Each structure stands twice: as structure tokens, then as C-alpha cells.
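Shown below: input33.txt, with compact mmCIF, C-alpha atoms.
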```txt
# COMPACT_ATOMS: atom_id res chain seq x y z
CA MET T 4 -8.81 74.41 59.46
CA THR T 5 -6.26 71.81 58.41
CA LYS T 6 -4.37 74.25 56.21
CA PRO T 7 -3.23 77.76 57.08
CA LEU T 8 -4.59 81.12 55.98
CA ILE T 9 -3.40 82.73 52.75
CA VAL T 10 -3.87 86.49 52.17
CA ILE T 11 -4.18 87.71 48.58
CA THR T 12 -4.39 91.35 47.52
CA GLY T 13 -5.78 92.48 44.19
CA ALA T 14 -7.83 89.29 44.14
CA SER T 15 -10.80 90.51 42.10
CA SER T 16 -9.33 89.67 38.69
CA GLY T 17 -6.33 88.38 36.79
CA ILE T 18 -3.45 86.84 38.69
CA GLY T 19 -5.04 87.51 42.07
CA SER T 20 -8.29 85.77 41.17
CA ALA T 21 -6.48 82.80 39.61
CA THR T 22 -4.25 82.50 42.67
CA ALA T 23 -7.27 82.58 44.98
CA GLN T 24 -8.91 79.74 43.07
CA THR T 25 -5.66 77.75 43.08
CA PHE T 26 -5.23 77.95 46.85
CA ALA T 27 -8.93 77.34 47.49
CA GLU T 28 -8.65 74.08 45.53
CA LEU T 29 -5.79 73.11 47.84
CA GLY T 30 -8.05 73.62 50.87
CA HIS T 31 -6.61 76.84 52.26
CA PRO T 32 -8.81 79.42 53.95
CA LEU T 33 -8.39 82.79 52.28
CA LEU T 34 -8.52 86.50 52.93
CA LEU T 35 -9.19 88.22 49.62
CA LEU T 36 -8.67 91.97 49.36
CA ALA T 37 -9.68 94.25 46.50
CA ARG T 38 -11.74 97.35 45.93
CA ARG T 39 -14.44 95.48 43.98
CA LEU T 40 -16.16 93.40 46.64
CA ASP T 41 -18.73 91.99 44.23
CA ARG T 42 -16.01 90.44 42.08
CA LEU T 43 -14.51 88.75 45.14
CA GLU T 44 -17.85 87.38 46.27
CA ASP T 45 -18.67 86.17 42.76
CA LEU T 46 -15.76 83.71 43.06
CA LYS T 47 -17.84 81.83 45.67
CA LEU T 48 -14.83 80.19 47.25
CA PRO T 49 -15.20 78.19 50.49
CA ASN T 50 -13.67 79.34 53.77
CA THR T 51 -13.02 82.77 52.34
CA LEU T 52 -13.29 86.21 53.87
CA CYS T 53 -13.77 88.92 51.23
CA ARG T 54 -13.15 92.54 52.10
CA SER T 55 -13.31 95.72 50.05
CA VAL T 56 -9.95 97.27 50.93
CA ASP T 57 -7.73 99.77 49.17
CA VAL T 58 -4.18 98.52 49.79
CA THR T 59 -2.95 102.10 50.12
CA ASP T 60 -4.93 102.27 53.40
CA ALA T 61 -2.56 100.59 55.85
CA LYS T 62 -5.06 100.55 58.71
CA ALA T 63 -7.75 98.92 56.58
CA VAL T 64 -5.33 96.22 55.43
CA ALA T 65 -4.26 95.54 59.02
CA ARG T 66 -7.89 95.36 60.23
CA ALA T 67 -8.81 92.87 57.52
CA VAL T 68 -5.81 90.66 58.33
CA ALA T 69 -6.64 90.75 62.04
CA GLU T 70 -10.26 89.78 61.30
CA ALA T 71 -9.23 86.88 59.08
CA GLU T 72 -6.66 85.61 61.57
CA ALA T 73 -9.27 85.68 64.33
CA GLN T 74 -11.48 83.48 62.16
CA TYR T 75 -8.98 81.17 60.43
CA GLY T 76 -5.76 81.36 62.42
CA PRO T 77 -2.43 83.01 61.60
CA ALA T 78 -1.59 84.03 58.03
CA ASP T 79 1.06 81.67 56.70
CA ALA T 80 1.48 83.58 53.44
CA ILE T 81 0.59 86.79 51.71
CA VAL T 82 0.52 87.24 47.96
CA ASN T 83 1.01 90.95 47.33
CA ASN T 84 -0.53 91.10 43.89
CA ALA T 85 -2.42 94.42 43.82
CA GLY T 86 -0.94 96.74 41.24
CA VAL T 87 -1.61 99.21 38.47
CA MET T 88 0.19 99.74 35.16
CA LEU T 89 -0.31 103.22 33.73
CA LEU T 90 1.93 103.34 30.69
CA GLY T 91 2.98 106.70 29.35
CA ARG T 92 5.74 108.99 28.17
CA ILE T 93 7.24 111.02 30.99
CA GLY T 94 7.04 114.21 28.94
CA ASP T 95 3.26 114.18 28.67
CA GLN T 96 1.97 111.64 31.22
CA PRO T 97 -0.27 113.13 33.93
CA THR T 98 1.82 113.30 37.09
CA ALA T 99 -1.11 111.97 39.14
CA GLU T 100 -0.54 108.64 37.40
CA TRP T 101 3.03 108.53 38.74
CA ARG T 102 1.74 108.93 42.29
CA THR T 103 -0.97 106.33 41.79
CA MET T 104 1.54 103.73 40.66
CA PHE T 105 3.90 104.37 43.56
CA ASP T 106 1.02 104.45 46.05
CA VAL T 107 -0.40 101.08 44.94
CA ASN T 108 2.63 99.19 43.64
CA VAL T 109 5.08 100.23 46.37
CA HIS T 110 3.26 101.60 49.41
CA GLY T 111 0.36 99.16 49.00
CA LEU T 112 2.75 96.24 48.89
CA LEU T 113 4.55 97.48 51.99
CA ASN T 114 1.21 97.77 53.80
CA GLY T 115 0.53 94.11 53.07
CA VAL T 116 3.96 93.09 54.33
CA TYR T 117 3.58 95.18 57.47
CA ALA T 118 0.23 93.60 58.33
CA VAL T 119 1.55 90.02 58.42
CA LEU T 120 5.29 90.19 59.07
CA PRO T 121 5.37 90.65 62.87
CA GLY T 122 3.27 87.52 63.37
CA MET T 123 5.41 85.53 60.96
CA ILE T 124 8.59 86.57 62.74
CA GLU T 125 7.07 85.69 66.11
CA ARG T 126 6.04 82.23 64.87
CA GLY T 127 9.33 81.66 63.07
CA ARG T 128 7.70 80.83 59.71
CA GLY T 129 5.78 82.42 56.89
CA THR T 130 6.00 83.33 53.23
CA VAL T 131 5.80 86.74 51.57
CA ILE T 132 5.22 86.52 47.82
CA ASN T 133 5.54 89.82 45.99
CA VAL T 134 4.26 90.00 42.42
CA SER T 135 6.58 92.23 40.44
CA SER T 136 7.27 92.12 36.70
CA VAL T 137 9.95 91.62 34.08
CA ALA T 138 9.70 95.42 34.09
CA GLY T 139 11.39 95.25 37.48
CA ARG T 140 14.53 93.91 35.82
CA LYS T 141 14.76 95.82 32.53
CA GLY T 142 13.26 98.86 30.87
CA PHE T 143 10.58 99.02 28.17
CA PRO T 144 9.27 101.91 26.04
CA ASN T 145 6.58 103.97 27.78
CA HIS T 146 7.16 102.11 31.06
CA THR T 147 9.41 104.60 32.86
CA VAL T 148 7.49 105.09 36.08
CA TYR T 149 5.95 101.63 36.07
CA CYS T 150 9.45 100.16 35.75
CA GLY T 151 10.53 102.37 38.65
CA THR T 152 7.86 100.90 40.89
CA LYS T 153 8.70 97.34 39.92
CA PHE T 154 12.45 97.86 40.32
CA ALA T 155 11.53 99.06 43.81
CA VAL T 156 9.57 95.86 44.45
CA HIS T 157 12.56 93.75 43.41
CA ALA T 158 14.97 95.72 45.58
CA MET T 159 12.73 95.80 48.65
CA SER T 160 11.88 92.11 48.35
CA GLU T 161 15.51 91.03 48.22
CA ASN T 162 16.50 93.28 51.13
CA LEU T 163 13.51 92.06 53.13
CA ARG T 164 14.46 88.48 52.40
CA GLU T 165 17.93 89.08 53.84
CA GLU T 166 16.40 90.79 56.86
CA VAL T 167 14.03 87.96 57.81
CA ALA T 168 15.85 84.85 56.51
CA ALA T 169 17.33 83.98 59.88
CA LYS T 170 13.86 84.31 61.44
CA GLY T 171 12.41 81.53 59.27
CA VAL T 172 10.42 83.77 56.94
CA ARG T 173 10.67 83.35 53.17
CA VAL T 174 10.37 86.18 50.62
CA THR T 175 9.80 85.43 46.96
CA THR T 176 9.60 87.79 43.98
CA ILE T 177 7.45 86.67 41.05
CA ALA T 178 8.32 88.56 37.85
CA PRO T 179 5.98 87.74 34.95
CA GLY T 180 6.31 89.03 31.44
CA ALA T 181 3.17 90.04 29.58
CA VAL T 182 0.04 88.39 30.99
CA GLU T 183 -3.49 88.37 29.62
CA THR T 184 -5.21 90.36 32.40
CA GLU T 185 -7.06 93.64 32.90
CA LEU T 186 -3.84 95.45 33.79
CA LEU T 187 -3.47 97.20 30.42
CA SER T 188 -6.97 98.67 30.70
CA HIS T 189 -5.75 101.09 33.37
CA THR T 190 -3.57 102.96 30.86
CA SER T 191 -5.15 106.27 29.82
CA ASP T 192 -3.10 106.87 26.64
CA GLU T 193 -5.22 105.20 23.98
CA GLY T 194 -2.40 105.08 21.41
CA ILE T 195 0.00 103.31 23.77
CA LYS T 196 -2.77 100.98 24.88
CA ALA T 197 -3.66 100.04 21.29
CA ASP T 198 -0.03 99.35 20.36
CA TYR T 199 0.51 97.18 23.44
CA GLN T 200 -2.71 95.27 22.83
CA ALA T 201 -1.73 94.60 19.24
CA TRP T 202 1.63 93.27 20.42
CA LYS T 203 -0.07 91.01 22.97
CA GLU T 204 -2.42 89.63 20.33
CA ALA T 205 0.55 88.80 18.11
CA ASN T 206 2.23 86.81 20.88
CA ASP T 207 1.06 83.87 22.95
CA VAL T 208 1.35 85.68 26.27
CA LEU T 209 1.04 84.13 29.71
CA THR T 210 -2.31 83.46 31.32
CA ALA T 211 -3.14 84.38 34.89
CA GLU T 212 -3.33 80.66 35.62
CA ASP T 213 0.28 80.23 34.46
CA VAL T 214 1.41 82.74 37.07
CA ALA T 215 -0.84 81.29 39.76
CA ALA T 216 0.71 77.86 39.18
CA THR T 217 4.16 79.38 39.65
CA ILE T 218 3.09 81.06 42.89
CA ARG T 219 1.73 77.73 44.11
CA PHE T 220 5.03 76.01 43.26
CA THR T 221 7.11 78.50 45.27
CA TYR T 222 4.80 78.31 48.28
CA GLU T 223 4.64 74.51 48.33
CA GLN T 224 8.39 74.09 48.70
CA PRO T 225 9.49 73.00 52.18
CA GLN T 226 9.76 75.95 54.54
CA ARG T 227 13.54 75.52 54.59
CA VAL T 228 13.58 76.19 50.80
CA CYS T 229 13.14 79.77 49.62
CA VAL T 230 12.67 80.33 45.91
CA ARG T 231 14.03 83.85 45.92
CA GLU T 232 12.89 84.95 42.47
CA VAL T 233 11.04 83.53 39.49
CA VAL T 234 11.09 85.30 36.13
CA LEU T 235 8.62 83.81 33.65
CA ALA T 236 7.32 84.86 30.27
CA ALA T 237 5.81 83.37 27.18
CA THR T 238 8.40 81.53 25.12
CA ALA T 239 7.69 83.87 22.21
CA GLN T 240 8.33 87.01 24.26
CA GLN T 241 11.78 88.20 23.27
CA ALA T 242 12.16 91.25 25.55
```
The structure given in the file should be rewritten as C-alpha cells.
Amino acid sequence: MTKPLIVITGASSGIGSATAQTFAELGHPLLLLARRLDRLEDLKLPNTLCRSVDVTDAKAVARAVAEAEAQYGPADAIVNNAGVMLLGRIGDQPTAEWRTMFDVNVHGLLNGVYAVLPGMIERGRGTVINVSSVAGRKGFPNHTVYCGTKFAVHAMSENLREEVAAKGVRVTTIAPGAVETELLSHTSDEGIKADYQAWKEANDVLTAEDVAATIRFTYEQPQRVCVREVVLAATAQQA
């Protein structure tokens, strides 16, 4: 391969799928991870290894990365995009939803980092791109636990960046505002979901392709340039 391997989690839809198509068009081999294998395979991207992996399973993530690296060479970047948004009021939200969000949004992200970081440090180059949210910088109604997970992503990403900067590894946090994806569908509270959907329909929110283009921009900077954080939202989004 003339271009290095890119690993993308949560690649079966939304930002992950758009990012996969963006990097495939640039000629990169890909490792795509998601639970819905059929959705990954339906993308029909060249030089792509698709694996049904739950990012909360650290061993499964590591096995998939090892398999892809054996086929395509070392991973030069990982886009930790897998995430869930289960909006709710703390007073009546099922506590299992809290655990799910922390398991996927925090532990799942760490599992992705852990699978690629030792090799990046050894080679003295690499890029970790963590997809967070504007909700990792400020609070929103009915977002309490989700915001907690995304604040964690911001904090961990910045600390990790400081930890590996001298080793030639870049860490970037991508923080989108509202995006037209399947993310809202995970919310179980139908009232909250309906209100959010109505707000999205009244605003020209970001597309997954908008975010993918931003991810591409940060990755394509020279290795000596680290775009530490990008916050992007639709112009009409006030909050």
C-alpha cells in the first residue's frame, strides 16, 4: 500500500461511515469496526477489513487491529468515533443507560487508543483522533451523563496529547455540535427525542460529511502540526 492504515470505530453509519468513505477516496487501507457487520460491508470500500467488534471488548479491538496491521501495515491513525447518546433526566433515567454511555464513550475510546498507541510510540509517529462533542465543553438540558462522558473525552485527550507529544504522536479532539446522524435514535425517552428532533429540523445542522471533512483536514496536516481541538457547529446553532 502507498498510504498507511486508518482505523475507524463506529463506522457503520453517520460520522464513522462518512469518514471511512473520505479516507477510502484518498487511497488509504481501512480497518472498520462496528457491531453491524452488514452495514460495513455494504460500503464496498477497497482495501478494507470489516470486523464486527464491540469497542467495549478490549481484546476484540486489539485482535482486529493486529489482523489489519498484518495485512496492511502499521496503523497511522485511529478515529475513535463509536459512541452512544442516551438523553434523559437524572431523576428518572434508567441507570443502565448511564453505564452504557460510560462503557462505550469512555472505555470504548480508551480500548481503541490502547490498541494502537504502543506501535505509534515505537515508530515515533501516529495520530489519535477522538470524536467528542460540544457537549464535552458545555452543558445542555437532559444531557447530564452524556455530557459527563464527553467532558471525560476532552480531558483524557488533552492529557494524552501532553503525554505523547514528545514521542511524535498527535492527539486531536473533534467536537461537533448537532449532526444529522442516527445518534438521537438511541434515546429511549420519546418526549426528549421528539423535542430534540423538532429542534434539529428547525436548524440547518451539520452533516456527517461536514465532520468527516474536518477529520480529514486535521489528519492531513504535516506530522509536526497537531490540531489539538476543533469545535464545529452549524452557523445557526446558538448553544
Determine, counting all atoms listed in the file, which protein, DNA and RNA residues have an atom within 12 Å of an atom of Asp95 (chain T); residues of the same chain fewer than 4 positions away are not included. Present the result as a short mmCIF file (atom, residue, chain, number, x, y, z; two decimals) with C-alpha atoms, in the frame of the given file.
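Written file, selection_35.cif:
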```cif
data_model
loop_
_atom_site.label_atom_id
_atom_site.label_comp_id
_atom_site.auth_asym_id
_atom_site.auth_seq_id
_atom_site.Cartn_x
_atom_site.Cartn_y
_atom_site.Cartn_z
CA LEU T 90 1.93 103.34 30.69
CA GLY T 91 2.98 106.70 29.35
CA ALA T 99 -1.11 111.97 39.14
CA GLU T 100 -0.54 108.64 37.40
CA TRP T 101 3.03 108.53 38.74
CA ASN T 145 6.58 103.97 27.78
CA SER T 191 -5.15 106.27 29.82
CA ASP T 192 -3.10 106.87 26.64
#
```
Exercise. Might you pull out every residue within 12 Å of Arg66 (chain T), with all atoms listed in the file counted and same-chain residues fewer than 6 positions away left off, and present them as a PyMOL selection string?
Key: chain T and resi 34+36+54-58+60+72-73+114-115+117-119
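From CA of Val228 (chain T) back to CA of Gly122 (chain T), the distance works out to 19.8 Å.
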Self-check item: Selection near region 150-163 of chain T, 6 Å with all atoms listed in the file, sequence-local residues under 5 positions removed, as a list in words
Solution: Phe105, Ser135, Ala138 and Gly139 of chain T
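Of the listed residues (T:Pro225, T:Pro179, T:Gly19, T:Pro144), T:Pro144 comes nearest to Ile93 (chain T); the distances count only C-alpha atoms.
The coordinates place CA of Leu35 (chain T) at 18.8 Å from CA of Ile177 (chain T).
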Quiz prompt | Closest of T:Leu43, T:Leu8, T:Leu29, T:Met123 to Gln74 (chain T) - atom-to-atom distances counting only C-alpha atoms | solution = T:Leu8
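If you count all atoms listed in the file and ignore residues fewer than 5 places along the chain from Leu187 (chain T), what sits within 9 Å of it is Val87, Met88, Leu89, Leu90, Lys196, Tyr199 and Gln200 of chain T.
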For C-alpha atoms, I'd like the residues from the last selection saved as a CSV table (one decimal), in the frame of the given file.
```csv
chain,number,residue,atom,x,y,z
T,87,VAL,CA,-1.6,99.2,38.5
T,88,MET,CA,0.2,99.7,35.2
T,89,LEU,CA,-0.3,103.2,33.7
T,90,LEU,CA,1.9,103.3,30.7
T,196,LYS,CA,-2.8,101.0,24.9
T,199,TYR,CA,0.5,97.2,23.4
T,200,GLN,CA,-2.7,95.3,22.8
```
For Thr217 (chain T), please output as a PDB file with C-alpha atoms, in the frame of the given file all residues within 10 Å (counting only C-alpha atoms; exclusion window: fewer than 3 positions along the same chain).
```pdb
ATOM      1  CA  THR T  22      -4.250  82.500  42.670  1.00  0.00           C
ATOM      2  CA  ILE T 177       7.450  86.670  41.050  1.00  0.00           C
ATOM      3  CA  PRO T 179       5.980  87.740  34.950  1.00  0.00           C
ATOM      4  CA  GLU T 212      -3.330  80.660  35.620  1.00  0.00           C
ATOM      5  CA  ASP T 213       0.280  80.230  34.460  1.00  0.00           C
ATOM      6  CA  VAL T 214       1.410  82.740  37.070  1.00  0.00           C
ATOM      7  CA  PHE T 220       5.030  76.010  43.260  1.00  0.00           C
ATOM      8  CA  THR T 221       7.110  78.500  45.270  1.00  0.00           C
ATOM      9  CA  TYR T 222       4.800  78.310  48.280  1.00  0.00           C
ATOM     10  CA  GLU T 223       4.640  74.510  48.330  1.00  0.00           C
ATOM     11  CA  VAL T 233      11.040  83.530  39.490  1.00  0.00           C
ATOM     12  CA  VAL T 234      11.090  85.300  36.130  1.00  0.00           C
ATOM     13  CA  LEU T 235       8.620  83.810  33.650  1.00  0.00           C
TER      14      LEU T 235
END
```
Centre and size of axis-aligned box enclosing region 127-139 of chain T plus 8 Å each side, as AutoDock Vina command-line options:
```
--center_x 7.8 --center_y 88.1 --center_z 48.6 --size_x 23.1 --size_y 30.6 --size_z 45.0
```
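Taking only C-alpha atoms into account, Ser16 (chain T) lies nearest to T:Asp45 out of the set T:Asp198, T:Glu204, T:Asp45, T:Glu28.
Nearest-residue note for Ala168 (chain T): choosing from T:Arg231, T:His31, T:Lys141, T:Arg92, the minimum distance belongs to T:Arg231, counting all atoms listed in the file.
The gap separating CA of Ala78 (chain T) from CA of Thr59 (chain T) is 19.8 Å, in Å to one decimal.
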Quiz item: Between T:Gln240, T:Ser136, T:Ser188, T:Asn84, which has the minimum distance to Tyr149 (chain T) (counting all atoms listed in the file)?
Solution: T:Ser136
